[in-house]
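Shown next: run15.pdb, given as PDB, C-alpha atoms, pLDDT in the B column.
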ATOM      1  CA  MET A   5       6.168-119.812 -53.140  1.00 66.00           C
ATOM      2  CA  ASP A   6       7.434-122.670 -50.957  1.00 90.00           C
ATOM      3  CA  LYS A   7       6.462-124.993 -53.813  1.00 94.00           C
ATOM      4  CA  LEU A   8       8.825-123.094 -56.126  1.00 96.00           C
ATOM      5  CA  LEU A   9      11.709-123.569 -53.703  1.00 95.00           C
ATOM      6  CA  THR A  10      10.921-127.265 -53.303  1.00 92.00           C
ATOM      7  CA  LEU A  11      10.820-127.771 -57.065  1.00 94.00           C
ATOM      8  CA  LEU A  12      14.163-125.974 -57.497  1.00 94.00           C
ATOM      9  CA  GLU A  13      15.729-127.904 -54.646  1.00 90.00           C
ATOM     10  CA  ASN A  14      14.694-131.195 -56.231  1.00 88.00           C
ATOM     11  CA  ASP A  15      15.708-130.228 -59.774  1.00 90.00           C
ATOM     12  CA  SER A  16      17.511-126.967 -60.424  1.00 91.00           C
ATOM     13  CA  THR A  17      17.572-127.685 -64.165  1.00 93.00           C
ATOM     14  CA  LEU A  18      13.867-126.897 -64.514  1.00 94.00           C
ATOM     15  CA  THR A  19      13.396-123.871 -66.742  1.00 95.00           C
ATOM     16  CA  LYS A  20      11.412-120.866 -65.625  1.00 95.00           C
ATOM     17  CA  GLU A  21       8.816-121.805 -68.238  1.00 96.00           C
ATOM     18  CA  GLN A  22       8.497-125.316 -66.819  1.00 96.00           C
ATOM     19  CA  LEU A  23       8.224-123.949 -63.294  1.00 96.00           C
ATOM     20  CA  ALA A  24       5.536-121.457 -64.357  1.00 95.00           C
ATOM     21  CA  THR A  25       3.507-124.257 -65.948  1.00 95.00           C
ATOM     22  CA  MET A  26       3.912-126.534 -62.932  1.00 95.00           C
ATOM     23  CA  LEU A  27       2.864-123.787 -60.526  1.00 96.00           C
ATOM     24  CA  ASP A  28       0.197-122.211 -62.755  1.00 95.00           C
ATOM     25  CA  LYS A  29       2.018-118.859 -62.615  1.00 95.00           C
ATOM     26  CA  GLU A  30       3.338-116.352 -65.152  1.00 95.00           C
ATOM     27  CA  VAL A  31       6.970-116.776 -66.262  1.00 95.00           C
ATOM     28  CA  GLY A  32       7.676-113.191 -65.211  1.00 96.00           C
ATOM     29  CA  ASP A  33       6.435-113.918 -61.674  1.00 95.00           C
ATOM     30  CA  ILE A  34       8.730-116.957 -61.467  1.00 96.00           C
ATOM     31  CA  LYS A  35      11.727-114.908 -62.680  1.00 96.00           C
ATOM     32  CA  LYS A  36      11.019-112.182 -60.120  1.00 96.00           C
ATOM     33  CA  ALA A  37      10.608-114.682 -57.305  1.00 96.00           C
ATOM     34  CA  ILE A  38      13.862-116.476 -58.149  1.00 96.00           C
ATOM     35  CA  CYS A  39      15.765-113.174 -58.400  1.00 96.00           C
ATOM     36  CA  ALA A  40      14.374-112.089 -55.028  1.00 96.00           C
ATOM     37  CA  TYR A  41      15.297-115.441 -53.431  1.00 96.00           C
ATOM     38  CA  GLU A  42      18.841-115.160 -54.807  1.00 95.00           C
ATOM     39  CA  LYS A  43      19.195-111.533 -53.678  1.00 96.00           C
ATOM     40  CA  ASP A  44      17.875-112.294 -50.175  1.00 96.00           C
ATOM     41  CA  GLY A  45      20.181-115.296 -49.770  1.00 95.00           C
ATOM     42  CA  VAL A  46      17.338-117.821 -49.647  1.00 96.00           C
ATOM     43  CA  ILE A  47      18.756-119.535 -52.732  1.00 94.00           C
ATOM     44  CA  LEU A  48      22.473-119.884 -52.010  1.00 92.00           C
ATOM     45  CA  GLY A  49      23.572-121.714 -55.144  1.00 91.00           C
ATOM     46  CA  TYR A  50      22.894-124.475 -57.621  1.00 90.00           C
ATOM     47  CA  LYS A  51      24.726-127.810 -57.471  1.00 85.00           C
ATOM     48  CA  THR A  52      24.896-130.989 -59.472  1.00 85.00           C
ATOM     49  CA  ILE A  53      25.177-134.242 -57.532  1.00 83.00           C
ATOM     50  CA  ILE A  54      27.898-136.482 -58.977  1.00 82.00           C
ATOM     51  CA  ASP A  55      28.498-140.136 -58.151  1.00 84.00           C
ATOM     52  CA  TRP A  56      32.291-139.798 -58.112  1.00 81.00           C
ATOM     53  CA  ASP A  57      32.659-143.539 -57.505  1.00 82.00           C
ATOM     54  CA  LYS A  58      31.640-144.036 -61.147  1.00 85.00           C
ATOM     55  CA  THR A  59      34.540-141.887 -62.359  1.00 90.00           C
ATOM     56  CA  ASP A  60      38.293-142.294 -62.181  1.00 90.00           C
ATOM     57  CA  ARG A  61      38.614-139.529 -59.572  1.00 88.00           C
ATOM     58  CA  GLU A  62      40.334-140.780 -56.436  1.00 87.00           C
ATOM     59  CA  TYR A  63      39.054-139.261 -53.220  1.00 89.00           C
ATOM     60  CA  VAL A  64      37.992-140.090 -49.692  1.00 93.00           C
ATOM     61  CA  SER A  65      35.257-138.459 -47.598  1.00 94.00           C
ATOM     62  CA  ALA A  66      35.234-138.194 -43.841  1.00 96.00           C
ATOM     63  CA  LEU A  67      32.850-136.976 -41.191  1.00 97.00           C
ATOM     64  CA  ILE A  68      34.768-135.334 -38.363  1.00 97.00           C
ATOM     65  CA  GLU A  69      33.229-134.517 -35.018  1.00 97.00           C
ATOM     66  CA  LEU A  70      34.763-131.782 -32.865  1.00 97.00           C
ATOM     67  CA  LYS A  71      34.413-130.881 -29.214  1.00 96.00           C
ATOM     68  CA  VAL A  72      34.898-127.154 -28.897  1.00 95.00           C
ATOM     69  CA  THR A  73      35.164-124.679 -26.058  1.00 91.00           C
ATOM     70  CA  PRO A  74      33.098-121.711 -27.278  1.00 86.00           C
ATOM     71  CA  GLN A  75      34.819-118.321 -27.265  1.00 80.00           C
ATOM     72  CA  CYS A  76      33.542-115.559 -24.983  1.00 82.00           C
ATOM     73  CA  ASP A  77      33.114-113.020 -27.753  1.00 81.00           C
ATOM     74  CA  GLY A  78      32.013-115.247 -30.610  1.00 78.00           C
ATOM     75  CA  GLY A  79      30.590-118.469 -29.219  1.00 86.00           C
ATOM     76  CA  PHE A  80      30.850-121.254 -31.776  1.00 93.00           C
ATOM     77  CA  ASP A  81      30.595-118.877 -34.736  1.00 93.00           C
ATOM     78  CA  ARG A  82      34.187-117.647 -34.664  1.00 91.00           C
ATOM     79  CA  ILE A  83      35.731-121.141 -34.572  1.00 92.00           C
ATOM     80  CA  ALA A  84      33.231-122.308 -37.210  1.00 95.00           C
ATOM     81  CA  GLU A  85      34.343-119.467 -39.479  1.00 94.00           C
ATOM     82  CA  LYS A  86      37.979-120.564 -39.208  1.00 93.00           C
ATOM     83  CA  ILE A  87      37.014-124.131 -40.092  1.00 96.00           C
ATOM     84  CA  TYR A  88      34.578-123.508 -42.972  1.00 96.00           C
ATOM     85  CA  ASN A  89      37.160-121.404 -44.772  1.00 96.00           C
ATOM     86  CA  TYR A  90      39.401-124.432 -45.340  1.00 96.00           C
ATOM     87  CA  PRO A  91      38.828-125.613 -48.939  1.00 93.00           C
ATOM     88  CA  GLU A  92      38.715-129.266 -47.830  1.00 93.00           C
ATOM     89  CA  VAL A  93      35.577-128.606 -45.768  1.00 96.00           C
ATOM     90  CA  GLN A  94      32.439-129.438 -47.727  1.00 94.00           C
ATOM     91  CA  SER A  95      29.920-129.001 -44.890  1.00 96.00           C
ATOM     92  CA  LEU A  96      29.977-127.796 -41.286  1.00 98.00           C
ATOM     93  CA  TYR A  97      27.194-128.099 -38.710  1.00 97.00           C
ATOM     94  CA  LEU A  98      26.642-127.046 -35.096  1.00 97.00           C
ATOM     95  CA  MET A  99      25.322-130.153 -33.361  1.00 97.00           C
ATOM     96  CA  SER A 100      23.643-131.256 -30.170  1.00 95.00           C
ATOM     97  CA  GLY A 101      24.949-134.300 -28.341  1.00 94.00           C
ATOM     98  CA  GLY A 102      28.454-135.394 -27.398  1.00 94.00           C
ATOM     99  CA  PHE A 103      30.248-133.258 -29.987  1.00 97.00           C
ATOM    100  CA  ASP A 104      29.681-129.611 -30.841  1.00 97.00           C
ATOM    101  CA  LEU A 105      30.596-129.420 -34.526  1.00 97.00           C
ATOM    102  CA  ALA A 106      30.435-131.953 -37.344  1.00 97.00           C
ATOM    103  CA  LEU A 107      32.162-131.389 -40.644  1.00 97.00           C
ATOM    104  CA  ILE A 108      32.428-133.317 -43.863  1.00 96.00           C
ATOM    105  CA  ILE A 109      35.670-133.089 -45.772  1.00 96.00           C
ATOM    106  CA  GLU A 110      37.155-134.603 -48.894  1.00 92.00           C
ATOM    107  CA  GLY A 111      40.753-135.462 -49.618  1.00 91.00           C
ATOM    108  CA  LYS A 112      42.667-137.522 -52.154  1.00 92.00           C
ATOM    109  CA  THR A 113      43.815-140.139 -49.620  1.00 93.00           C
ATOM    110  CA  LEU A 114      43.233-141.273 -46.044  1.00 93.00           C
ATOM    111  CA  LYS A 115      46.633-139.803 -45.212  1.00 94.00           C
ATOM    112  CA  GLU A 116      45.607-136.409 -46.608  1.00 94.00           C
ATOM    113  CA  VAL A 117      42.504-136.380 -44.382  1.00 94.00           C
ATOM    114  CA  ALA A 118      44.536-137.468 -41.362  1.00 94.00           C
ATOM    115  CA  THR A 119      47.065-134.723 -42.068  1.00 95.00           C
ATOM    116  CA  PHE A 120      44.259-132.154 -42.298  1.00 95.00           C
ATOM    117  CA  VAL A 121      42.967-133.206 -38.874  1.00 94.00           C
ATOM    118  CA  ALA A 122      46.422-133.312 -37.287  1.00 94.00           C
ATOM    119  CA  ARG A 123      47.874-130.123 -38.781  1.00 95.00           C
ATOM    120  CA  LYS A 124      44.878-127.841 -39.318  1.00 94.00           C
ATOM    121  CA  LEU A 125      42.069-128.836 -36.950  1.00 94.00           C
ATOM    122  CA  ALA A 126      43.657-130.272 -33.825  1.00 90.00           C
ATOM    123  CA  PRO A 127      46.024-127.318 -33.246  1.00 91.00           C
ATOM    124  CA  LEU A 128      43.191-124.751 -33.325  1.00 92.00           C
ATOM    125  CA  ASN A 129      42.525-123.104 -29.990  1.00 87.00           C
ATOM    126  CA  ASN A 130      39.252-124.160 -28.416  1.00 91.00           C
ATOM    127  CA  ILE A 131      39.179-127.656 -30.020  1.00 94.00           C
ATOM    128  CA  THR A 132      39.389-130.188 -27.218  1.00 94.00           C
ATOM    129  CA  ALA A 133      38.688-133.460 -29.069  1.00 94.00           C
ATOM    130  CA  THR A 134      38.140-134.889 -32.537  1.00 94.00           C
ATOM    131  CA  ALA A 135      36.624-138.093 -33.889  1.00 95.00           C
ATOM    132  CA  THR A 136      37.138-138.955 -37.560  1.00 95.00           C
ATOM    133  CA  HIS A 137      34.846-141.348 -39.408  1.00 96.00           C
ATOM    134  CA  PHE A 138      35.682-142.328 -42.993  1.00 95.00           C
ATOM    135  CA  VAL A 139      32.816-142.768 -45.439  1.00 93.00           C
ATOM    136  CA  LEU A 140      33.035-146.260 -46.898  1.00 93.00           C
ATOM    137  CA  LYS A 141      30.035-146.099 -49.211  1.00 91.00           C
ATOM    138  CA  LYS A 142      27.304-143.594 -49.987  1.00 89.00           C
ATOM    139  CA  TYR A 143      23.797-145.005 -50.140  1.00 91.00           C
ATOM    140  CA  LYS A 144      21.918-141.707 -50.163  1.00 90.00           C
ATOM    141  CA  ASP A 145      23.155-138.124 -50.250  1.00 87.00           C
ATOM    142  CA  LYS A 146      21.135-134.899 -50.430  1.00 81.00           C
ATOM    143  CA  GLY A 147      17.988-136.933 -51.078  1.00 82.00           C
ATOM    144  CA  VAL A 148      19.503-138.877 -53.984  1.00 84.00           C
ATOM    145  CA  ILE A 149      19.822-142.666 -53.758  1.00 88.00           C
ATOM    146  CA  TYR A 150      23.078-144.025 -55.186  1.00 87.00           C
ATOM    147  CA  ASP A 151      23.079-147.290 -57.155  1.00 81.00           C
ATOM    148  CA  MET A 152      19.390-147.952 -56.693  1.00 69.00           C
ATOM    149  CA  PRO A 153      18.871-151.703 -57.030  1.00 64.00           C
ATOM    150  CA  GLN A 154      17.146-152.759 -60.215  1.00 63.00           C
ATOM    151  CA  LYS A 155      13.736-154.322 -59.687  1.00 63.00           C
ATOM    152  CA  ASP A 156      13.432-157.929 -60.722  1.00 58.00           C
ATOM    153  CA  GLU A 157      10.488-157.808 -63.101  1.00 57.00           C
ATOM    154  CA  ARG A 158      10.139-161.588 -63.000  1.00 57.00           C
ATOM    155  CA  GLY A 159       8.524-161.475 -59.566  1.00 57.00           C
ATOM    156  CA  MET A 160       8.997-163.914 -56.723  1.00 56.00           C
ATOM    157  CA  PHE A 161       8.548-167.595 -57.403  1.00 53.00           C
ATOM    158  CA  SER A 162       8.433-170.341 -54.826  1.00 53.00           C
ATOM    159  CA  ILE A 163       9.115-173.948 -55.551  1.00 54.00           C
TER     160      ILE A 163
END
In structure tokens, what does this structure look like?
Amino acid sequence: MDKLLTLLENDSTLTKEQLATMLDKEVGDIKKAICAYEKDGVILGYKTIIDWDKTDREYVSALIELKVTPQCDGGFDRIAEKIYNYPEVQSLYLMSGGFDLALIIEGKTLKEVATFVARKLAPLNNITATATHFVLKKYKDKGVIYDMPQKDERGMFSI
């Protein structure tokens, strides 16, 4: 049922009837599969992707890289748990390369993000360095292209 998961990931608004038709399955089988995926934690939730730049909501996004000294008894997991429980944190990843963790946060202002880094992240034991990168513009997020350019139907003309 990997196709079911792919369909749901691309459009979670599809009804069970639509999914059954698309997959040539019975509606009951689709319902059972979705319930099992939810129960087993394969499906973790359903989200709508919003282009907040087209609203009056003021916010700033930042990608923050962290160098971390792993803990003896919990490795990176224990420090990650402290960080992902902050409501500002939208995403958190264990990374390879020069930094160990990368997180994406949102705040109302640049100052709010800077304050989060200075007062909540930097003082945590085991964090040895941070690098904050502010998102200036989103072109593509979670597979969705923002502000896709309109095609010029007139074609190309040369003079």
Could you tell me, as an MDAnalysis selection string, exactly which residues end up selected when the PyMOL selection byres ((chain A and resi 27) around 12) is applied to this structure? chainID A and resid 5:12 20:26 28:31 33:34
Counting all atoms listed in the file, which residues have an atom no more than 12 Å from (36.6, -134.8, -28.7) in the file's coordinates? Please list them as number ranges by chain. A: 68-73, 101-106, 125-126, 130-136
Can you translate the PyMOL selection byres ((chain A and resi 63) around 9) into the concrete residues it hits in this file, as a PyMOL selection string? chain A and resi 56-57+61-62+64-65+110-114
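With only C-alpha atoms as the atoms that count, the minimum distance from Leu96 (chain A) to the choices A:Ile53, A:Ala122, A:Ile108, A:Cys76 is reached by A:Ile108.
CA of Lys141 (chain A) sits 25.5 Å away from CA of Lys124 (chain A).
For Lys142 (chain A), the list of residues within 9 Å, based on only C-alpha atoms and with local chain neighbours fewer than 6 positions off taken out, reads Asp55, Ile149 and Tyr150 of chain A.
Our summary of the geometry notes that CA of Thr119 (chain A) is positioned 15.3 Å from CA of Leu107 (chain A).
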What do you get, as a PyMOL selection string, if you spell out every residue that the PyMOL selection byres ((chain A and resi 86) around 12) selects here? chain A and resi 78+80-85+87-91+93+96+124-125+128-131
Using the file's own x, y and z axes, so that the box edges lie along x, y and z, what centre and edge lengths in Å (one decimal) does a box around every listed atom of region 67-78 of chain A get when 5 Å is added on each side? Give it as lines of an AutoDock Vina configuration file.
center_x = 33.6
center_y = -125.0
center_z = -33.1
size_x = 13.2
size_y = 34.0
size_z = 26.2
Reconstruct all heavy atoms of region 100-111 of chain A from the incomplete input and present them as a CSV table (one decimal), in the frame of the given file.
chain,number,residue,atom,x,y,z
A,100,SER,N,23.9,-130.9,-31.6
A,100,SER,CA,23.6,-131.3,-30.2
A,100,SER,C,24.3,-132.6,-29.9
A,100,SER,O,24.7,-133.3,-30.8
A,100,SER,CB,22.1,-131.3,-29.9
A,100,SER,OG,21.6,-132.3,-30.7
A,101,GLY,N,24.4,-133.0,-28.7
A,101,GLY,CA,24.9,-134.3,-28.3
A,101,GLY,C,26.4,-134.2,-27.8
A,101,GLY,O,26.8,-133.2,-27.3
A,102,GLY,N,27.1,-135.3,-28.0
A,102,GLY,CA,28.5,-135.4,-27.4
A,102,GLY,C,29.5,-134.5,-28.0
A,102,GLY,O,30.5,-134.2,-27.4
A,103,PHE,N,29.3,-134.1,-29.3
A,103,PHE,CA,30.2,-133.3,-30.0
A,103,PHE,C,29.5,-132.0,-30.4
A,103,PHE,O,28.3,-132.0,-30.6
A,103,PHE,CB,30.8,-134.0,-31.2
A,103,PHE,CG,31.8,-135.0,-30.9
A,103,PHE,CD1,31.4,-136.3,-30.6
A,103,PHE,CD2,33.2,-134.7,-30.8
A,103,PHE,CE1,32.3,-137.3,-30.3
A,103,PHE,CE2,34.1,-135.7,-30.5
A,103,PHE,CZ,33.7,-137.0,-30.2
A,104,ASP,N,30.3,-130.9,-30.6
A,104,ASP,CA,29.7,-129.6,-30.8
A,104,ASP,C,29.6,-129.3,-32.3
A,104,ASP,O,28.6,-128.8,-32.8
A,104,ASP,CB,30.5,-128.5,-30.2
A,104,ASP,CG,30.6,-128.7,-28.7
A,104,ASP,OD1,29.6,-128.8,-28.0
A,104,ASP,OD2,31.8,-128.8,-28.2
A,105,LEU,N,30.6,-129.7,-33.1
A,105,LEU,CA,30.6,-129.4,-34.5
A,105,LEU,C,30.8,-130.7,-35.3
A,105,LEU,O,31.5,-131.6,-34.8
A,105,LEU,CB,31.7,-128.4,-34.9
A,105,LEU,CG,31.6,-127.0,-34.3
A,105,LEU,CD1,32.9,-126.2,-34.6
A,105,LEU,CD2,30.4,-126.3,-34.9
A,106,ALA,N,30.2,-130.8,-36.4
A,106,ALA,CA,30.4,-132.0,-37.3
A,106,ALA,C,30.8,-131.4,-38.7
A,106,ALA,O,30.1,-130.4,-39.2
A,106,ALA,CB,29.2,-132.9,-37.4
A,107,LEU,N,31.8,-131.9,-39.3
A,107,LEU,CA,32.2,-131.4,-40.6
A,107,LEU,C,32.4,-132.6,-41.6
A,107,LEU,O,32.7,-133.7,-41.1
A,107,LEU,CB,33.4,-130.5,-40.6
A,107,LEU,CG,34.7,-131.0,-40.1
A,107,LEU,CD1,35.8,-130.6,-41.0
A,107,LEU,CD2,34.9,-130.4,-38.7
A,108,ILE,N,32.2,-132.3,-42.8
A,108,ILE,CA,32.4,-133.3,-43.9
A,108,ILE,C,33.5,-132.7,-44.7
A,108,ILE,O,33.4,-131.6,-45.2
A,108,ILE,CB,31.2,-133.6,-44.7
A,108,ILE,CG1,30.1,-134.2,-43.7
A,108,ILE,CG2,31.5,-134.6,-45.8
A,108,ILE,CD1,28.7,-134.4,-44.4
A,109,ILE,N,34.6,-133.5,-44.9
A,109,ILE,CA,35.7,-133.1,-45.8
A,109,ILE,C,36.0,-134.1,-46.8
A,109,ILE,O,35.5,-135.3,-46.7
A,109,ILE,CB,37.0,-132.8,-45.0
A,109,ILE,CG1,37.6,-134.1,-44.5
A,109,ILE,CG2,36.7,-131.8,-43.8
A,109,ILE,CD1,39.1,-133.8,-44.1
A,110,GLU,N,36.7,-133.7,-47.9
A,110,GLU,CA,37.2,-134.6,-48.9
A,110,GLU,C,38.6,-134.4,-49.1
A,110,GLU,O,39.1,-133.3,-49.0
A,110,GLU,CB,36.4,-134.3,-50.2
A,110,GLU,CG,35.0,-134.8,-50.2
A,110,GLU,CD,34.4,-134.7,-51.6
A,110,GLU,OE1,35.0,-134.1,-52.5
A,110,GLU,OE2,33.2,-135.1,-51.7
A,111,GLY,N,39.3,-135.5,-49.3
A,111,GLY,CA,40.8,-135.5,-49.6
A,111,GLY,C,41.1,-136.5,-50.6
A,111,GLY,O,40.2,-137.3,-51.0
